[in-house]
Protein chains: 4
Amino acid sequence: MNLIDWPYSTPGIPDNCFSRSRVPMTKEEIRVLTLAKARLGPGMTVYDIGSGTGSLAVEAARLVAPAEVLAVDGNPEACTLVRENARRFGLKNVRVITGMAPAALKGLPPPDRVFIGGSGGHLEDILADCHQVLRPGGIIVVNAITVETLGTVLSWGRSRGYQVEALAVNLARLEMVGRYHIWRPLNPVYIVQLTIQLGHEE
Amino acid sequence: MNLIDWPYSTPGIPDNCFSRSRVPMTKEEIRVLTLAKARLGPGMTVYDIGSGTGSLAVEAARLVAPAEVLAVDGNPEACTLVRENARRFGLKNVRVITGMAPAALKGLPPPDRVFIGGSGGHLEDILADCHQVLRPGGIIVVNAITVETLGTVLSWGRSRGYQVEALAVNLARLEMVGRYHIWRPLNPVYIVQLTIQLGHEE
Amino acid sequence: MNLIDWPYSTPGIPDNCFSRSRVPMTKEEIRVLTLAKARLGPGMTVYDIGSGTGSLAVEAARLVAPAEVLAVDGNPEACTLVRENARRFGLKNVRVITGMAPAALKGLPPPDRVFIGGSGGHLEDILADCHQVLRPGGIIVVNAITVETLGTVLSWGRSRGYQVEALAVNLARLEMVGRYHIWRPLNPVYIVQLTIQLGHEE
Amino acid sequence: MNLIDWPYSTPGIPDNCFSRSRVPMTKEEIRVLTLAKARLGPGMTVYDIGSGTGSLAVEAARLVAPAEVLAVDGNPEACTLVRENARRFGLKNVRVITGMAPAALKGLPPPDRVFIGGSGGHLEDILADCHQVLRPGGIIVVNAITVETLGTVLSWGRSRGYQVEALAVNLARLEMVGRYHIWRPLNPVYIVQLTIQLGHEE
């Protein structure tokens with residue numbers, strides 16, 4: 001299939017449509033739940049911090065066009081992949097920033113939505129900087145695979161007055177082995193949604 | 001919020017935006033995964049069999065407009081709810097059919113996508129009838145909560161030459177109890193995606 | 001069945017063999033995993049902190065007899081239940097201490113094993129006091145249902161040099177609804193095992 | 001540690017205490033739940049069908065001694081491992097039968113408990129033969145990883161009048177990656193317990 005003409009309006013592009021090498025990728029079903037929790041709409045500016053292969057950035061870019069997705073990753077190999085994957089889907093609205101957040105966020109336009117998939121150990125600084133620039137009604141969605149990240153995001157969100165929701169996600173995909181069907185688990189992940197409460201002032 | 005202007009392009013309308021009484025509802029996160037597995041796009045005709053509150057029909061209708069979602073349910077109370085929920089979101093493209101599938105499917109336009117959320121014990125007949133009318137490239141997505149339904153759908157799909165994929169979904173939502181966060185599990189559900197293989201002839 | 005003669009050597013007494021009212025109970029399957037992680041043996045002194053109905057204390061008492069299980073709970077209703085449940089199984093080696101840990105632990109004989117099922121908000125103090133008296137080769141097993149408890153136990157255990165293992169437990173029990181089988185989830189729980197490393201000196 | 005003196009009365013011998021090569025092994029936590037559902041006690045004769053490495057047979061043998069565990073496996077490599085693992089724990093009451101069930105069950109003493117971990121595609125025949133010889137009050141526990149096995153066991157058990165209980169088991173073990181803790185899922189498994197109802201006559 002020519003991916004430039006990918007015709008579906010639902011998120012959930014199959015994993016094997018993306019170029020990935022060994023860079024970590026947000027799996028299709030996790031991506032779908034993550035995008036849903038971000039409540040994207042046309043015209044929203046999106047940060048994708050720790051973008052990895054860019055699978056999330058690509059799906060977001062299709063949903064917010066003509067607004068921009070700003071994909072930030074400190075790994076040059078990842079940045080190359082993000083660009084390649086955006087090109088595969090014919091997207092002009094994915095801007096790739098090679099660098100570590102929060103430093104690499106300096107000077108970017110204020111976001112309506114922020115995805116944090118990787119933080120390189122600077123999660124609280126990234127959250128603090130995003131908090132400064134997040135636009136009214138904004139949402140931050142964090143995908144956490146570590147217990148520590150989950151704890152940090154929850155307590156940070158509560159203390160800043162965000163509305164905090166979260167999901168523990170345990171999925172398994174069906175696989176055929178001979179004539180039988182077995183389940184192969186995906187790695188468990190926590191998806192945390194931080195929504196600015198009404199009355200939040202920057 | 002005025003739901004007629006619900007502005008987001010991602011699926012995932014919160015459960016409490018729907019009128020529901022005691023009719024079963026597909027929970028937000030399950031709905032999001034179910035819609036993703038159906039790969040909806042504008043112009044696709046959709047069957048929603050066992051539509052319950054119509055939460056899935058409403059989300060689908062927003063994604064396939066101006067094409068129609070045909071919501072079928074044998075319970076008149078459910079049908080009333082589907083109509084009310086469609087009206088809440090200002091949707092004109094949800095047609096409600098009160099009746100049991102497969103009988104109630106007679107004479108409906110052929111679908112591109114079929115959701116089966118409830119079958120009233122007639123799952124194989126419903127699958128057989130949908131198979132007859134499913135358009136080229138069509139997808140059937142079944143949400144199964146029983147072991148028996150899962151088994152039936154998998155073996156039916158294999159024997160008819162469909163490409164079969166499935167997901168076992170175990171999700172838990174975070175909840176505050178005092179100053180602490182605990183997890184409340186959603187009921188486990190299986191989501192099965194049946195895709196017509198290339199070369200399928202009716 | 002006369003529970004005094006409960007004849008099995010495997011843990012896993014069914015939930016409905018215990019008297020419980022509204023006091024929280026460790027469910028059979030969680031209890032089984034918790035006991036396994038404690039590696040009990042005859043002659044071991046056991047603390048059961050936050051003993052609730054005493055289902056864990058009863059099973060432990062059968063496995064360590066003639067040594068004692070010291071069941072500690074601040075709720076007098078729970079303490080009554082623990083005594084009743086111990087009597088049901090004809091156990092003489094369950095001693096019930098009504099009071100809040102860590103204060104209530106004062107003067108008790110040093111333990112080989114410690115279960116912490118509830119801490120009334122004093123988890124770190126309880127861990128610190130247990131650490132002081134835990135005998136060589138000792139194991140502490142914490143059942144955590146909150147994200148905060150999990151985080152606290154992990155970081156406490158690491159910083160004190162314990163060997164830390166943990167399990168995220170998502171179980172569902174089969175239930176018949178009409179002619180069909182569905183899954184009912186148990187609440188997710190984390191089981192953390194803290195083992196004193198070789199060379200630990202009190 | 002000298003495994004002959006393994007001193008614990010709780011099941012749950014760590015996986016790495018068993019010799020295994022590439023033969024499949026029932027993981028520690030799954031083993032613990034499986035043993036609990038079998039309700040073992042001293043003097044019970046046990047079949048372990050599809051015994052793999054023998055980890056389940058070893059734990060069962062410790063719990064039913066001096067009665068025998070009859071470990072049956074069609075793979076000679078597995079049978080060698082079962083013998084080696086029984087020897088490691090100094091067990092004299094594990095008898096290894098090289099051969100495929102149900103044929104290999106011919107002439108064995110009638111069992112009080114039956115574990116079925118693998119059936120080589122002959123599950124219904126194995127169940128039928130075990131049903132013939134199972135002693136009063138007997139229990140069959142099946143570990144199923146395939147959807148098909150689960151379905152077969154449930155419908156077989158219901159139609160023969162067994163009391164049927166089952167557990168869907170989704171566990172994840174904590175693992176350190178750098179300074180962080182992540183969860184690694186075990187493969188999902190279904191544990192089915194079939195108990196002969198009161199009044200069952202052979």
# chains A, B, ... in the order shown; residues from 1 in each chain; ligands from 1
>>> residues_around(residues="D:Ile4", least_positions_apart="4", cutoff="7 Å", atoms="only C-alpha atoms", output="PyMOL selection string")
chain D and resi 88-90
>>> closest_atom_pairs(of="chain A", to="chain C", cutoff="9 Å", atoms="only C-alpha atoms", output="Markdown table")
| residue | atom | partner | partner_atom | distance |
| --- | --- | --- | --- | --- |
| A:Val147 | CA | C:Gly151 | CA | 6.9 |
| A:Glu148 | CA | C:Gly151 | CA | 6.9 |
| A:Leu150 | CA | C:Val147 | CA | 8.1 |
| A:Gly151 | CA | C:Val147 | CA | 6.9 |
| A:Asn170 | CA | C:Asn170 | CA | 8.8 |
>>> residues_around(residues="A:Ser119", least_positions_apart="6", cutoff="8 Å", atoms="only C-alpha atoms", output="number ranges by chain")
A: 49-50, 101, 126
>>> select_by_dssp(residues="stretch 8-172 of chain B", states="strand (DSSP E or B)", output="ChimeraX atom specification")
/B:46-49,69-73,94-98,113-116,139-144,146,163-172
>>> write_last_selection(atoms="N, CA and C atoms", output="compact mmCIF listing (two decimals), in the first residue's frame")
# COMPACT_ATOMS: atom_id res chain seq x y z
N VAL B 46 -21.39 1.43 7.97
CA VAL B 46 -21.04 0.64 9.16
C VAL B 46 -22.28 0.00 9.77
N TYR B 47 -22.18 -1.29 10.10
CA TYR B 47 -23.19 -1.92 10.95
C TYR B 47 -22.67 -1.92 12.38
N ASP B 48 -23.55 -1.59 13.32
CA ASP B 48 -23.19 -1.74 14.74
C ASP B 48 -24.23 -2.66 15.37
N ILE B 49 -23.87 -3.92 15.49
CA ILE B 49 -24.84 -4.95 15.90
C ILE B 49 -24.76 -5.20 17.40
N VAL B 69 -24.18 4.98 9.81
CA VAL B 69 -24.01 3.88 10.76
C VAL B 69 -25.39 3.30 11.03
N LEU B 70 -25.52 1.99 10.82
CA LEU B 70 -26.79 1.31 11.04
C LEU B 70 -26.69 0.56 12.36
N ALA B 71 -27.36 1.13 13.38
CA ALA B 71 -27.28 0.59 14.74
C ALA B 71 -28.45 -0.36 14.97
N VAL B 72 -28.12 -1.62 15.26
CA VAL B 72 -29.15 -2.66 15.38
C VAL B 72 -29.16 -3.18 16.81
N ASP B 73 -30.32 -3.15 17.43
CA ASP B 73 -30.43 -3.72 18.78
C ASP B 73 -31.86 -4.21 19.00
N VAL B 94 -26.88 8.37 11.95
CA VAL B 94 -27.07 7.13 12.70
C VAL B 94 -28.51 6.67 12.49
N ARG B 95 -28.68 5.53 11.84
CA ARG B 95 -30.02 4.99 11.63
C ARG B 95 -30.21 3.83 12.61
N VAL B 96 -31.29 3.87 13.38
CA VAL B 96 -31.50 2.85 14.40
C VAL B 96 -32.51 1.82 13.92
N ILE B 97 -32.12 0.55 14.00
CA ILE B 97 -33.02 -0.54 13.60
C ILE B 97 -33.34 -1.37 14.84
N THR B 98 -34.61 -1.35 15.26
CA THR B 98 -35.00 -2.14 16.41
C THR B 98 -35.31 -3.56 15.94
N ARG B 113 -17.85 -1.98 7.06
CA ARG B 113 -17.35 -2.35 8.38
C ARG B 113 -18.52 -2.87 9.20
N VAL B 114 -18.23 -3.87 10.04
CA VAL B 114 -19.25 -4.42 10.93
C VAL B 114 -18.69 -4.51 12.34
N PHE B 115 -19.40 -3.93 13.30
CA PHE B 115 -19.09 -4.15 14.71
C PHE B 115 -20.11 -5.12 15.28
N ILE B 116 -19.62 -6.11 16.00
CA ILE B 116 -20.54 -7.00 16.71
C ILE B 116 -20.21 -6.93 18.19
N ILE B 139 -14.05 -5.17 6.90
CA ILE B 139 -13.52 -5.63 8.19
C ILE B 139 -14.67 -5.84 9.16
N ILE B 140 -14.63 -6.95 9.87
CA ILE B 140 -15.58 -7.22 10.95
C ILE B 140 -14.80 -7.18 12.26
N VAL B 141 -15.30 -6.42 13.24
CA VAL B 141 -14.64 -6.38 14.55
C VAL B 141 -15.64 -6.86 15.61
N VAL B 142 -15.23 -7.89 16.32
CA VAL B 142 -16.10 -8.46 17.35
C VAL B 142 -15.50 -8.18 18.73
N ASN B 143 -16.32 -7.63 19.62
CA ASN B 143 -15.92 -7.50 21.02
C ASN B 143 -16.51 -8.66 21.78
N ALA B 144 -15.63 -9.52 22.30
CA ALA B 144 -16.09 -10.73 22.97
C ALA B 144 -15.76 -10.64 24.45
N THR B 146 -17.05 -13.31 26.37
CA THR B 146 -17.11 -14.70 26.80
C THR B 146 -16.07 -15.54 26.06
N GLN B 163 -8.34 -12.97 7.40
CA GLN B 163 -7.15 -12.73 8.21
C GLN B 163 -7.64 -12.39 9.61
N VAL B 164 -7.15 -13.12 10.61
CA VAL B 164 -7.67 -13.00 11.96
C VAL B 164 -6.61 -12.39 12.87
N GLU B 165 -6.95 -11.29 13.52
CA GLU B 165 -6.08 -10.76 14.57
C GLU B 165 -6.93 -10.54 15.81
N ALA B 166 -6.31 -10.62 16.97
CA ALA B 166 -7.08 -10.41 18.18
C ALA B 166 -6.21 -9.87 19.29
N LEU B 167 -6.86 -9.25 20.22
CA LEU B 167 -6.23 -8.57 21.34
C LEU B 167 -6.95 -8.99 22.61
N ALA B 168 -6.19 -9.37 23.64
CA ALA B 168 -6.76 -9.55 24.97
C ALA B 168 -6.48 -8.28 25.74
N VAL B 169 -7.53 -7.65 26.24
CA VAL B 169 -7.41 -6.31 26.80
C VAL B 169 -7.67 -6.31 28.30
N ASN B 170 -6.63 -6.02 29.06
CA ASN B 170 -6.76 -5.88 30.51
C ASN B 170 -6.34 -4.47 30.90
N LEU B 171 -7.31 -3.65 31.20
CA LEU B 171 -7.02 -2.26 31.55
C LEU B 171 -7.48 -1.99 32.96
N ALA B 172 -6.81 -1.05 33.61
CA ALA B 172 -7.27 -0.59 34.92
C ALA B 172 -7.16 0.92 34.95
>>> select_by_dssp(residues="stretch 16-155 of chain A", states="alpha helix (DSSP H)", output="PyMOL selection string")
chain A and resi 28-38+55-64+76-88+123-133+147-155
>>> closest_residue(among="B:Ala61, B:Leu186, B:Val177, B:Val133", to="B:Glu28", atoms="only C-alpha atoms")
B:Leu186
>>> residues_around(residues="D:Thr80", least_positions_apart="3", cutoff="12 Å", atoms="only C-alpha atoms", output="list in words")
Ser19, Arg20, Ser21, Val23, Ser51, Gly52, Thr53, Gly54, Ala71, Val72, Asp73, Gly74, Asn75, Pro76, Glu77, Arg83, Glu84, Asn85, Ala86, Arg87, Arg95, Val96, Ile97 and Thr98 of chain D
>>> residues_around(residues="D:Gly178", least_positions_apart="2", cutoff="12 Å", atoms="only C-alpha atoms", output="list of chain:residue names")
A:Gly120, A:Gly121, A:Thr146, A:Glu148, D:Glu175, D:Met176, D:Tyr180, D:His181, D:Ile182
